[in-house]
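Trainee: Coordinates in structure-v3.csv, CSV, C-alpha atoms, are listed below.
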chain,number,residue,atom,x,y,z
A,216,MET,CA,22.9,15.5,-14.0
A,217,PHE,CA,22.9,18.9,-12.3
A,218,LEU,CA,19.2,19.1,-12.6
A,219,PHE,CA,18.8,15.7,-11.0
A,220,ARG,CA,20.9,16.6,-8.0
A,221,LEU,CA,19.0,19.8,-7.6
A,222,ARG,CA,15.7,18.0,-7.6
A,223,SER,CA,16.7,15.3,-5.2
A,224,SER,CA,18.1,17.8,-2.7
A,225,ARG,CA,14.7,19.5,-2.8
A,226,VAL,CA,12.9,16.3,-2.1
A,227,PHE,CA,15.3,15.8,0.8
A,228,SER,CA,14.7,19.2,2.4
A,229,LEU,CA,11.0,18.6,2.1
A,230,ALA,CA,11.3,15.3,3.9
A,231,VAL,CA,13.5,17.0,6.5
A,232,THR,CA,10.8,19.4,7.5
A,233,MET,CA,8.1,16.9,7.8
A,234,VAL,CA,6.7,16.4,11.2
A,235,VAL,CA,4.4,13.4,11.8
A,236,TYR,CA,2.5,13.7,15.1
A,237,ALA,CA,0.9,10.3,15.3
A,238,VAL,CA,-0.1,7.1,13.5
A,239,LEU,CA,-3.4,5.3,14.1
A,240,ILE,CA,-4.4,2.0,12.6
A,241,LEU,CA,-8.1,0.9,12.5
A,242,ASN,CA,-9.2,-2.6,11.7
A,243,LYS,CA,-12.1,-3.2,9.3
A,244,ALA,CA,-14.7,-3.1,12.1
A,245,GLY,CA,-13.5,0.3,13.3
A,246,GLY,CA,-11.6,-1.0,16.3
A,247,LEU,CA,-8.3,0.8,17.1
A,248,ILE,CA,-5.5,-1.7,16.8
A,249,TYR,CA,-2.5,0.7,16.9
A,250,GLN,CA,-1.9,4.2,18.2
A,251,ARG,CA,1.4,5.9,18.6
A,252,ASP,CA,2.6,9.5,19.1
A,253,PHE,CA,5.9,10.4,17.4
A,254,ASN,CA,6.1,14.1,18.1
A,255,PRO,CA,4.5,16.4,20.6
A,256,GLY,CA,1.7,18.6,19.1
A,257,LEU,CA,-1.4,16.6,19.7
A,258,GLN,CA,-3.5,16.5,22.8
A,259,LYS,CA,-3.0,13.4,24.8
A,260,LEU,CA,-6.1,11.3,25.2
A,261,SER,CA,-7.0,8.5,27.5
A,262,SER,CA,-6.9,5.1,25.9
A,263,ASN,CA,-10.7,4.9,26.1
A,264,ASP,CA,-11.0,8.2,24.3
A,265,TYR,CA,-8.7,6.9,21.5
A,266,LEU,CA,-11.1,4.0,21.1
A,267,ILE,CA,-14.0,6.4,20.8
A,268,LEU,CA,-12.1,8.6,18.4
A,269,ALA,CA,-11.4,5.5,16.2
A,270,GLY,CA,-15.0,4.3,16.3
A,271,THR,CA,-16.4,7.8,15.6
A,272,PHE,CA,-14.0,8.2,12.6
A,273,HIS,CA,-15.0,4.8,11.3
A,274,GLY,CA,-18.6,5.9,11.3
A,275,VAL,CA,-17.9,9.2,9.7
A,276,HIS,CA,-15.8,7.5,7.1
A,277,ALA,CA,-18.6,5.1,6.3
A,278,ILE,CA,-21.1,8.0,5.9
A,279,THR,CA,-18.8,10.0,3.7
A,280,SER,CA,-18.2,7.0,1.4
A,281,GLN,CA,-22.0,6.5,1.1
A,282,ILE,CA,-23.0,10.1,0.6
A,283,SER,CA,-21.0,11.3,-2.4
A,284,PRO,CA,-21.9,14.3,-4.5
A,285,THR,CA,-20.5,12.8,-7.6
A,286,ASN,CA,-22.2,10.3,-9.8
A,287,GLU,CA,-19.8,7.5,-9.1
A,288,THR,CA,-21.4,4.7,-7.2
A,289,SER,CA,-18.6,4.1,-4.8
A,290,SER,CA,-16.5,6.8,-3.2
A,291,SER,CA,-13.3,6.3,-1.2
A,292,GLY,CA,-14.7,8.3,1.6
A,293,LEU,CA,-13.0,10.9,3.7
A,294,GLU,CA,-9.3,11.1,2.8
A,295,VAL,CA,-7.9,14.4,4.1
A,296,LEU,CA,-8.9,16.4,7.1
A,297,GLU,CA,-7.2,19.8,7.5
A,298,SER,CA,-7.3,22.2,10.4
A,299,GLU,CA,-5.3,25.1,11.6
A,300,ASN,CA,-3.1,22.9,13.7
A,301,PHE,CA,-2.8,19.6,11.9
A,302,VAL,CA,-3.6,17.7,8.8
A,303,MET,CA,-4.9,14.1,8.9
A,304,ARG,CA,-4.5,11.7,6.0
A,305,CYS,CA,-6.6,8.6,5.9
A,306,PHE,CA,-5.8,5.7,3.7
A,307,GLN,CA,-8.1,2.7,3.5
A,308,THR,CA,-6.8,-0.4,2.0
A,309,LEU,CA,-8.9,-2.7,-0.2
A,310,THR,CA,-9.2,-5.1,2.7
A,311,GLY,CA,-10.8,-2.4,4.9
A,312,THR,CA,-8.0,-1.5,7.2
A,313,LYS,CA,-7.5,2.2,7.8
A,314,PHE,CA,-4.3,4.1,8.3
A,315,LEU,CA,-4.5,7.5,9.8
A,316,ILE,CA,-1.6,9.9,9.9
A,317,PHE,CA,-1.6,13.1,11.8
A,318,ALA,CA,1.0,15.7,10.8
A,319,GLU,CA,1.8,19.3,10.8
A,320,PRO,CA,-0.4,21.4,8.5
A,321,ARG,CA,0.4,21.8,4.8
A,322,GLN,CA,2.4,18.6,4.4
A,323,GLN,CA,2.4,17.6,0.7
A,324,ASN,CA,3.5,14.1,0.4
A,325,LEU,CA,1.6,12.4,3.2
A,326,ASP,CA,0.3,9.7,0.8
A,327,VAL,CA,3.8,8.5,0.2
A,328,VAL,CA,4.3,8.2,4.0
A,329,VAL,CA,1.0,6.4,4.4
A,330,ARG,CA,1.9,3.9,1.7
A,331,ARG,CA,5.2,3.2,3.3
A,332,VAL,CA,3.5,2.7,6.7
A,333,TYR,CA,1.2,0.2,5.0
A,334,GLU,CA,4.2,-1.7,3.6
A,335,LEU,CA,5.8,-1.9,7.0
A,336,TYR,CA,2.5,-3.2,8.4
A,337,ALA,CA,2.3,-5.8,5.7
A,338,ASP,CA,5.8,-6.9,6.5
A,339,TYR,CA,6.2,-6.7,10.2
A,340,VAL,CA,2.6,-7.2,11.4
A,341,MET,CA,0.8,-9.4,8.9
A,342,LYS,CA,3.8,-11.7,8.2
A,343,ASN,CA,4.4,-12.4,11.9
A,344,PRO,CA,2.7,-15.8,12.2
A,345,PHE,CA,1.8,-15.2,15.8
A,346,TYR,CA,0.0,-12.0,15.1
A,347,GLN,CA,-3.8,-12.5,15.3
A,348,ILE,CA,-5.5,-10.7,12.5
A,349,GLU,CA,-7.8,-7.8,13.6
A,350,MET,CA,-6.3,-7.8,17.1
A,351,PRO,CA,-4.2,-4.9,18.7
A,352,ILE,CA,-0.7,-4.7,17.3
A,353,ARG,CA,2.1,-5.3,19.8
A,354,SER,CA,5.1,-5.7,17.7
A,355,GLU,CA,8.6,-4.5,18.5
A,356,GLY,CA,9.8,-4.9,15.0
A,357,PHE,CA,6.9,-2.8,13.6
A,358,ASP,CA,7.5,-0.1,16.3
A,359,ARG,CA,11.2,0.0,15.5
A,360,HIS,CA,10.9,0.3,11.8
A,361,LEU,CA,8.1,2.8,12.0
A,362,THR,CA,10.2,5.0,14.3
A,363,SER,CA,13.3,4.8,12.1
A,364,TYR,CA,11.1,5.7,9.1
A,365,ILE,CA,9.2,8.6,10.6
A,366,LYS,CA,11.7,10.1,13.0
A,367,PRO,CA,14.4,11.2,10.4
A,368,HIS,CA,11.6,13.2,8.7
A,369,GLN,CA,12.0,16.0,11.2
B,112,MET,CA,-5.8,-1.1,-16.1
B,113,SER,CA,-5.3,-3.2,-19.3
B,114,SER,CA,-4.2,-6.8,-19.3
B,115,THR,CA,-0.8,-5.9,-20.7
B,116,SER,CA,-0.1,-3.3,-18.1
B,117,ARG,CA,-1.0,-5.8,-15.4
B,118,ALA,CA,1.6,-8.1,-16.9
B,119,ARG,CA,4.1,-5.3,-16.8
B,120,LEU,CA,3.2,-4.5,-13.2
B,121,GLY,CA,3.6,-8.1,-12.2
B,122,GLU,CA,7.0,-8.2,-13.9
B,123,GLU,CA,8.1,-5.0,-12.3
B,124,VAL,CA,7.1,-6.0,-8.7
B,125,TRP,CA,8.8,-9.4,-9.2
B,126,LYS,CA,12.0,-7.8,-10.5
B,127,LEU,CA,12.3,-4.7,-8.2
B,128,ARG,CA,10.3,-5.2,-5.1
B,129,THR,CA,10.5,-8.9,-4.2
B,130,ASP,CA,13.1,-10.5,-2.0
B,131,LYS,CA,14.2,-13.7,-3.7
B,132,ILE,CA,15.1,-16.9,-1.9
B,133,ASN,CA,16.4,-20.2,-3.1
B,134,ALA,CA,13.7,-22.2,-5.0
B,135,GLU,CA,14.9,-25.5,-3.6
B,136,LEU,CA,14.3,-24.3,-0.1
B,137,VAL,CA,10.7,-23.5,-0.9
B,138,THR,CA,10.1,-26.7,-2.8
B,139,LEU,CA,11.7,-28.8,0.0
B,140,THR,CA,9.9,-27.0,2.8
B,141,TYR,CA,6.6,-27.4,1.1
B,142,GLY,CA,7.4,-31.0,0.3
B,143,SER,CA,8.3,-31.8,3.9
B,144,VAL,CA,5.1,-30.2,5.1
B,145,VAL,CA,3.0,-32.3,2.8
B,146,ALA,CA,4.9,-35.5,3.5
B,147,GLN,CA,4.7,-34.9,7.3
B,148,LEU,CA,0.9,-34.3,7.0
B,149,CYS,CA,0.5,-37.6,5.1
B,150,LYS,CA,2.4,-39.4,7.8
B,151,ASP,CA,0.6,-37.7,10.7
B,152,LEU,CA,-2.8,-38.3,9.2
B,153,ASP,CA,-2.0,-41.9,8.4
B,154,GLY,CA,-2.5,-41.6,4.6
B,155,ASP,CA,-5.9,-40.0,5.0
B,156,TYR,CA,-5.4,-37.9,1.9
B,157,ALA,CA,-8.8,-36.2,2.0
B,158,GLU,CA,-7.8,-34.9,5.4
B,159,VAL,CA,-4.4,-33.9,4.1
B,160,ASN,CA,-6.1,-31.9,1.3
B,161,LYS,CA,-8.2,-30.2,3.9
B,162,GLN,CA,-5.3,-29.3,6.2
B,163,LEU,CA,-3.3,-27.9,3.2
B,164,ASP,CA,-6.3,-25.8,2.2
B,165,LYS,CA,-6.6,-24.5,5.8
B,166,MET,CA,-2.9,-23.6,6.0
B,167,GLY,CA,-3.2,-21.8,2.6
B,168,TYR,CA,-6.2,-20.0,3.8
B,169,ASN,CA,-4.3,-18.6,6.8
B,170,ILE,CA,-1.5,-17.6,4.5
B,171,GLY,CA,-3.9,-15.9,2.1
B,172,LEU,CA,-5.5,-13.7,4.8
B,173,ARG,CA,-2.0,-12.3,5.5
B,174,LEU,CA,-0.5,-12.4,2.0
B,175,ILE,CA,-3.2,-10.1,0.5
B,176,GLU,CA,-1.8,-7.2,2.5
B,177,ASP,CA,1.7,-7.7,1.1
B,178,PHE,CA,0.2,-8.1,-2.3
B,179,LEU,CA,-1.7,-4.8,-2.1
B,180,ALA,CA,1.2,-2.9,-0.5
B,181,LYS,CA,3.7,-4.0,-3.0
B,182,SER,CA,1.6,-3.9,-6.1
B,183,ASN,CA,0.2,-0.5,-5.1
B,184,MET,CA,-3.3,-1.5,-6.4
B,185,GLN,CA,-5.9,1.0,-5.2
B,186,GLN,CA,-8.7,0.3,-7.6
B,187,LYS,CA,-11.1,-2.5,-7.0
B,188,CYS,CA,-11.4,-4.9,-9.9
B,189,ALA,CA,-14.4,-3.9,-12.1
B,190,ASN,CA,-15.5,-7.6,-12.5
B,191,PHE,CA,-14.5,-11.1,-11.9
B,192,ARG,CA,-12.6,-11.3,-15.2
B,193,ASP,CA,-10.4,-8.5,-14.1
B,194,THR,CA,-9.8,-10.4,-10.8
B,195,ALA,CA,-8.8,-13.5,-12.6
B,196,ASP,CA,-6.3,-11.5,-14.7
B,197,VAL,CA,-4.8,-9.8,-11.6
B,198,ILE,CA,-4.5,-13.2,-9.8
B,199,SER,CA,-2.6,-14.7,-12.7
B,200,LYS,CA,-0.5,-11.8,-14.0
B,201,VAL,CA,0.3,-9.9,-10.8
B,202,GLY,CA,-0.4,-12.3,-7.9
B,203,PHE,CA,1.2,-15.5,-9.1
B,204,LYS,CA,3.9,-13.6,-10.9
B,205,MET,CA,5.1,-11.7,-7.9
B,206,PHE,CA,5.0,-14.6,-5.4
B,207,LEU,CA,6.0,-17.6,-7.6
B,208,ASN,CA,7.2,-16.0,-10.8
B,209,ILE,CA,4.7,-18.0,-12.9
B,210,THR,CA,1.7,-16.8,-14.9
B,211,PRO,CA,-1.0,-19.5,-15.0
B,212,THR,CA,-3.2,-19.4,-18.1
B,213,ILE,CA,-6.8,-18.4,-17.6
B,214,VAL,CA,-9.2,-20.7,-19.5
B,215,ASN,CA,-12.7,-22.3,-19.5
B,216,TRP,CA,-14.8,-19.3,-18.4
B,217,SER,CA,-18.4,-20.3,-17.6
B,218,SER,CA,-21.1,-18.4,-19.5
B,219,ASP,CA,-22.1,-16.4,-16.4
B,220,ASN,CA,-18.4,-15.2,-15.9
B,221,LYS,CA,-18.3,-16.6,-12.4
B,222,GLN,CA,-16.1,-19.6,-12.9
B,223,PHE,CA,-12.7,-20.0,-14.6
B,224,SER,CA,-9.7,-22.3,-14.5
B,225,LEU,CA,-6.1,-21.6,-14.0
B,226,LEU,CA,-3.8,-23.8,-16.0
B,227,PHE,CA,-0.4,-24.3,-14.5
B,228,ASP,CA,2.3,-24.9,-17.1
B,229,GLU,CA,4.9,-25.0,-14.4
B,230,ASN,CA,4.4,-25.4,-10.7
B,231,PRO,CA,7.4,-24.6,-8.5
B,232,LEU,CA,5.9,-26.4,-5.5
B,233,ALA,CA,5.8,-29.7,-7.3
B,234,ASP,CA,9.3,-29.8,-8.8
B,235,PHE,CA,10.9,-33.2,-8.3
B,236,VAL,CA,7.7,-34.7,-6.8
B,237,GLU,CA,6.5,-38.2,-7.4
B,238,LEU,CA,3.4,-39.2,-5.5
B,239,PRO,CA,3.6,-42.3,-3.3
B,240,ASP,CA,2.7,-45.6,-4.9
B,241,ASP,CA,0.2,-46.8,-2.4
B,242,GLY,CA,-2.8,-46.9,-4.7
B,243,LYS,CA,-4.5,-44.0,-2.9
B,244,ALA,CA,-2.3,-40.9,-3.3
B,245,GLN,CA,-2.6,-40.9,-7.1
B,246,SER,CA,-6.4,-40.6,-6.8
B,247,ASP,CA,-6.9,-38.8,-3.5
B,248,LEU,CA,-4.1,-36.3,-2.8
B,249,TRP,CA,-4.1,-32.9,-4.3
B,250,TYR,CA,-0.4,-32.1,-3.7
B,251,SER,CA,-0.5,-28.3,-4.3
B,252,ASN,CA,-3.8,-27.8,-2.5
B,253,MET,CA,-2.3,-25.1,-0.3
B,254,LEU,CA,-2.6,-22.8,-3.4
B,255,CYS,CA,-6.4,-23.2,-3.4
B,256,GLY,CA,-6.5,-22.0,0.3
B,257,VAL,CA,-4.3,-19.1,-0.4
B,258,ILE,CA,-6.6,-17.8,-3.2
B,259,ARG,CA,-9.7,-18.4,-1.1
B,260,GLY,CA,-8.2,-16.5,1.9
B,261,ALA,CA,-6.8,-13.7,-0.1
B,262,LEU,CA,-10.0,-13.1,-2.0
B,263,GLU,CA,-12.1,-13.3,1.1
B,264,MET,CA,-10.2,-10.3,2.5
B,265,VAL,CA,-11.1,-8.3,-0.5
B,266,GLN,CA,-14.8,-9.1,-0.2
B,267,MET,CA,-15.1,-12.1,-2.5
B,268,SER,CA,-16.2,-15.5,-1.3
B,269,VAL,CA,-14.9,-18.1,-3.7
B,270,ASP,CA,-14.4,-21.9,-3.9
B,271,ALA,CA,-11.1,-23.1,-5.3
B,272,HIS,CA,-10.1,-26.7,-6.0
B,273,PHE,CA,-7.9,-28.7,-8.3
B,274,VAL,CA,-9.5,-30.7,-11.0
B,275,SER,CA,-6.4,-32.2,-12.5
B,276,ASP,CA,-2.7,-32.5,-11.7
B,277,VAL,CA,0.2,-33.7,-13.8
B,278,LEU,CA,1.5,-35.5,-10.7
B,279,ARG,CA,-1.6,-37.8,-10.9
B,280,GLY,CA,-0.8,-38.5,-14.6
B,281,ASN,CA,-3.2,-36.0,-16.0
B,282,ASP,CA,-2.2,-33.9,-19.0
B,283,THR,CA,-2.5,-30.6,-17.3
B,284,THR,CA,-2.6,-29.1,-13.8
B,285,GLU,CA,-5.9,-27.2,-13.5
B,286,MET,CA,-7.4,-25.3,-10.7
B,287,ARG,CA,-11.1,-24.3,-10.8
B,288,ILE,CA,-12.2,-21.1,-9.2
B,289,ASN,CA,-15.8,-20.4,-8.6
B,290,LEU,CA,-17.2,-17.0,-7.3
B,291,ILE,CA,-19.8,-17.7,-4.8
B,292,ARG,CA,-20.7,-14.1,-3.9
B,293,TYR,CA,-19.4,-10.7,-3.2
B,294,ILE,CA,-19.4,-10.0,0.5
B,295,GLU,CA,-21.3,-6.8,1.2
B,296,ASP,CA,-20.4,-4.6,4.1
B,297,GLU,CA,-22.2,-6.0,7.0
B,298,MET,CA,-24.5,-3.4,8.3
B,299,PRO,CA,-25.5,-3.5,11.9
B,300,GLN,CA,-29.1,-4.5,12.6
B,301,ASP,CA,-31.6,-1.7,12.6
B,302,ASP,CA,-32.2,-1.2,16.3
B,303,GLU,CA,-34.5,1.7,16.5
Output the structure of this file as structure tokens.
Mentor:
Amino acid sequence: MFLFRLRSSRVFSLAVTMVVYAVLILNKAGGLIYQRDFNPGLQKLSSNDYLILAGTFHGVHAITSQISPTNETSSSGLEVLESENFVMRCFQTLTGTKFLIFAEPRQQNLDVVVRRVYELYADYVMKNPFYQIEMPIRSEGFDRHLTSYIKPHQ
Amino acid sequence: MSSTSRARLGEEVWKLRTDKINAELVTLTYGSVVAQLCKDLDGDYAEVNKQLDKMGYNIGLRLIEDFLAKSNMQQKCANFRDTADVISKVGFKMFLNITPTIVNWSSDNKQFSLLFDENPLADFVELPDDGKAQSDLWYSNMLCGVIRGALEMVQMSVDAHFVSDVLRGNDTTEMRINLIRYIEDEMPQDDE
């Protein structure tokens, strides 16, 4: 029992220190359909530059999934990008949608965060009958739930 | 992933990660959709089938994301046999709490049938006695569209249709699914 409490409090403190800078969502054609900053730390770009960033990343991702040094025929492509100032986690779903999360460096459990963001997307974006698939996401419910999930992680 | 672990996964998602709603509400909502279509389209059951399929297709395009997010599947199916297994044991299990039986594989492994021992959409239903419905209407045709739409999003082009239905007096309810092709990533034209 004691051990369990000890472990859970550790998980909690990890979560507390997590800082997510931004979340981007790319549709399967590489178009940017969602971009939001949650914490300061990233350079602000113009909306056109964000589109270019998304398109470029889509291309790089396609290349990395084609050129794989291992024998496996298919590779998942680029998943993590680390730099001195940030870490980026990319998660591509089997349908081809990409979720990009930018966070402070050395974050360990970003894949948990990215899975949760995917669940929120499946719920609040895809299940809205008036959302047009592959189009930019303008959903108050999605924004709200994303904020309340990501913000307490600071 | 083995067949039994898929069955376990389906069970787990159904039990722990699915919001349940009253079954009668689903049955009655679906029933009123079909009945209203029959009325609006003046008993043109071929057209009703088509509309149901279309509605299902639009559901499938969206439902696949929920399926992938909740089931946490990250591996592509190795072959169409695996796909069939996942559809039955995880897909149908988590959304309708049924596990249709997979039968009648074609020799090239591109066609199979789903046998529905129970069909929550068709509880309490008796087809109208107008001489046409019994032979023309596929009551649960929306399910075909859902499968077609969902598989299309994961790069499989399939044809799905019912071949028998207990509502029509057949012994079984059977859906035939036929893999047309795997959709390859569309590469832009070489424009050098």
Trainee: Would you mind listing, for every residue of chain B within 10 Å of chain A, the two atoms forming the shortest contact and the distance between them in Å to one decimal, using only C-alpha atoms, sorted by chain and ascending residue number, as CSV?
Mentor:
residue,atom,partner,partner_atom,distance
B:Asn169,CA,A:Pro344,CA,9.3
B:Ile170,CA,A:Lys342,CA,8.8
B:Leu172,CA,A:Ile348,CA,8.3
B:Arg173,CA,A:Met341,CA,5.3
B:Leu174,CA,A:Lys342,CA,7.6
B:Ile175,CA,A:Thr310,CA,8.1
B:Glu176,CA,A:Ala337,CA,5.4
B:Asp177,CA,A:Ala337,CA,5.0
B:Phe178,CA,A:Ala337,CA,8.6
B:Leu179,CA,A:Leu309,CA,7.7
B:Ala180,CA,A:Glu334,CA,5.2
B:Lys181,CA,A:Glu334,CA,7.0
B:Asn183,CA,A:Arg330,CA,8.3
B:Met184,CA,A:Leu309,CA,8.4
B:Gln185,CA,A:Leu309,CA,6.9
B:Gln186,CA,A:Leu309,CA,8.0
B:Lys187,CA,A:Leu309,CA,7.1
B:Ala261,CA,A:Thr310,CA,9.4
B:Leu262,CA,A:Thr310,CA,9.3
B:Glu263,CA,A:Thr310,CA,8.8
B:Met264,CA,A:Thr310,CA,5.3
B:Val265,CA,A:Thr310,CA,4.9
B:Gln266,CA,A:Thr310,CA,7.5
B:Asp296,CA,A:Gly311,CA,9.9
B:Glu297,CA,A:Ala244,CA,9.5
Trainee: Limited to C-alpha atoms, could you put the picked residues into a file as a PDB file, in the coordinates of the input?
Mentor:
ATOM      1  CA  ASN B 169      -4.300 -18.600   6.800  1.00  0.00           C
ATOM      2  CA  ILE B 170      -1.500 -17.600   4.500  1.00  0.00           C
ATOM      3  CA  LEU B 172      -5.500 -13.700   4.800  1.00  0.00           C
ATOM      4  CA  ARG B 173      -2.000 -12.300   5.500  1.00  0.00           C
ATOM      5  CA  LEU B 174      -0.500 -12.400   2.000  1.00  0.00           C
ATOM      6  CA  ILE B 175      -3.200 -10.100   0.500  1.00  0.00           C
ATOM      7  CA  GLU B 176      -1.800  -7.200   2.500  1.00  0.00           C
ATOM      8  CA  ASP B 177       1.700  -7.700   1.100  1.00  0.00           C
ATOM      9  CA  PHE B 178       0.200  -8.100  -2.300  1.00  0.00           C
ATOM     10  CA  LEU B 179      -1.700  -4.800  -2.100  1.00  0.00           C
ATOM     11  CA  ALA B 180       1.200  -2.900  -0.500  1.00  0.00           C
ATOM     12  CA  LYS B 181       3.700  -4.000  -3.000  1.00  0.00           C
ATOM     13  CA  ASN B 183       0.200  -0.500  -5.100  1.00  0.00           C
ATOM     14  CA  MET B 184      -3.300  -1.500  -6.400  1.00  0.00           C
ATOM     15  CA  GLN B 185      -5.900   1.000  -5.200  1.00  0.00           C
ATOM     16  CA  GLN B 186      -8.700   0.300  -7.600  1.00  0.00           C
ATOM     17  CA  LYS B 187     -11.100  -2.500  -7.000  1.00  0.00           C
ATOM     18  CA  ALA B 261      -6.800 -13.700  -0.100  1.00  0.00           C
ATOM     19  CA  LEU B 262     -10.000 -13.100  -2.000  1.00  0.00           C
ATOM     20  CA  GLU B 263     -12.100 -13.300   1.100  1.00  0.00           C
ATOM     21  CA  MET B 264     -10.200 -10.300   2.500  1.00  0.00           C
ATOM     22  CA  VAL B 265     -11.100  -8.300  -0.500  1.00  0.00           C
ATOM     23  CA  GLN B 266     -14.800  -9.100  -0.200  1.00  0.00           C
ATOM     24  CA  ASP B 296     -20.400  -4.600   4.100  1.00  0.00           C
ATOM     25  CA  GLU B 297     -22.200  -6.000   7.000  1.00  0.00           C
TER      26      GLU B 297
END
Trainee: Might you pull out every residue within 12 Å of Asn300 of chain A, with all atoms listed in the file counted and same-chain residues fewer than 2 positions away left off, and present them as a PyMOL selection string?
Mentor: chain A and resi 236+256-258+296-298+302-303+317-322
Trainee: Just want the 12 Å neighbourhood of Thr271 of chain A, counted on all atoms listed in the file, with same-chain residues fewer than 3 positions away dropped. Output as a PyMOL selection string.
Mentor: chain A and resi 241+244-247+264-268+274-278
Trainee: Just C-alpha atoms for this one: save the residues we selected as a CSV table (one decimal), in the frame of the given file.
Mentor:
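What follows is the written file part21.csv:
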chain,number,residue,atom,x,y,z
A,241,LEU,CA,-8.1,0.9,12.5
A,244,ALA,CA,-14.7,-3.1,12.1
A,245,GLY,CA,-13.5,0.3,13.3
A,246,GLY,CA,-11.6,-1.0,16.3
A,247,LEU,CA,-8.3,0.8,17.1
A,264,ASP,CA,-11.0,8.2,24.3
A,265,TYR,CA,-8.7,6.9,21.5
A,266,LEU,CA,-11.1,4.0,21.1
A,267,ILE,CA,-14.0,6.4,20.8
A,268,LEU,CA,-12.1,8.6,18.4
A,274,GLY,CA,-18.6,5.9,11.3
A,275,VAL,CA,-17.9,9.2,9.7
A,276,HIS,CA,-15.8,7.5,7.1
A,277,ALA,CA,-18.6,5.1,6.3
A,278,ILE,CA,-21.1,8.0,5.9
Trainee: What does the structure give for the distance between atom CA of Asp240 of chain B and atom CA of Val277 of chain B, in Å to one decimal?
Mentor: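 Calculated distance between atom CA of Asp240 of chain B and atom CA of Val277 of chain B is 15.1 Å.
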Trainee: List every protein, DNA or RNA residue that has an atom no more than 12 Å from (1.8, 12.1, 11.0) in the file's coordinate frame, counting all atoms listed in the file, and report them as an NGL selection string.
Mentor: :A and (233-240 or 250-257 or 301-305 or 314-329 or 332 or 361-362 or 364-366 or 368-369)
Trainee: Just give me the gap between atom CA of Ser251 of chain B and atom CA of Thr194 of chain B in Å, one decimal is fine.
Mentor: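 About the pair atom CA of Ser251 of chain B and atom CA of Thr194 of chain B: they are 21.2 Å apart.
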Trainee: Please measure the separation of atom CA of Asp155 of chain B and atom CA of Arg287 of chain B, giving the value in Å to one decimal.
Mentor: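 About the pair atom CA of Asp155 of chain B and atom CA of Arg287 of chain B: they are 22.9 Å apart.
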Trainee: List the neighbours of Gly121 of chain B out to 9 Å using only C-alpha atoms; skip same-chain residues closer than 6 positions along the sequence, and give me the result as a PyMOL selection string.
Mentor: chain B and resi 182+197+200-205+208
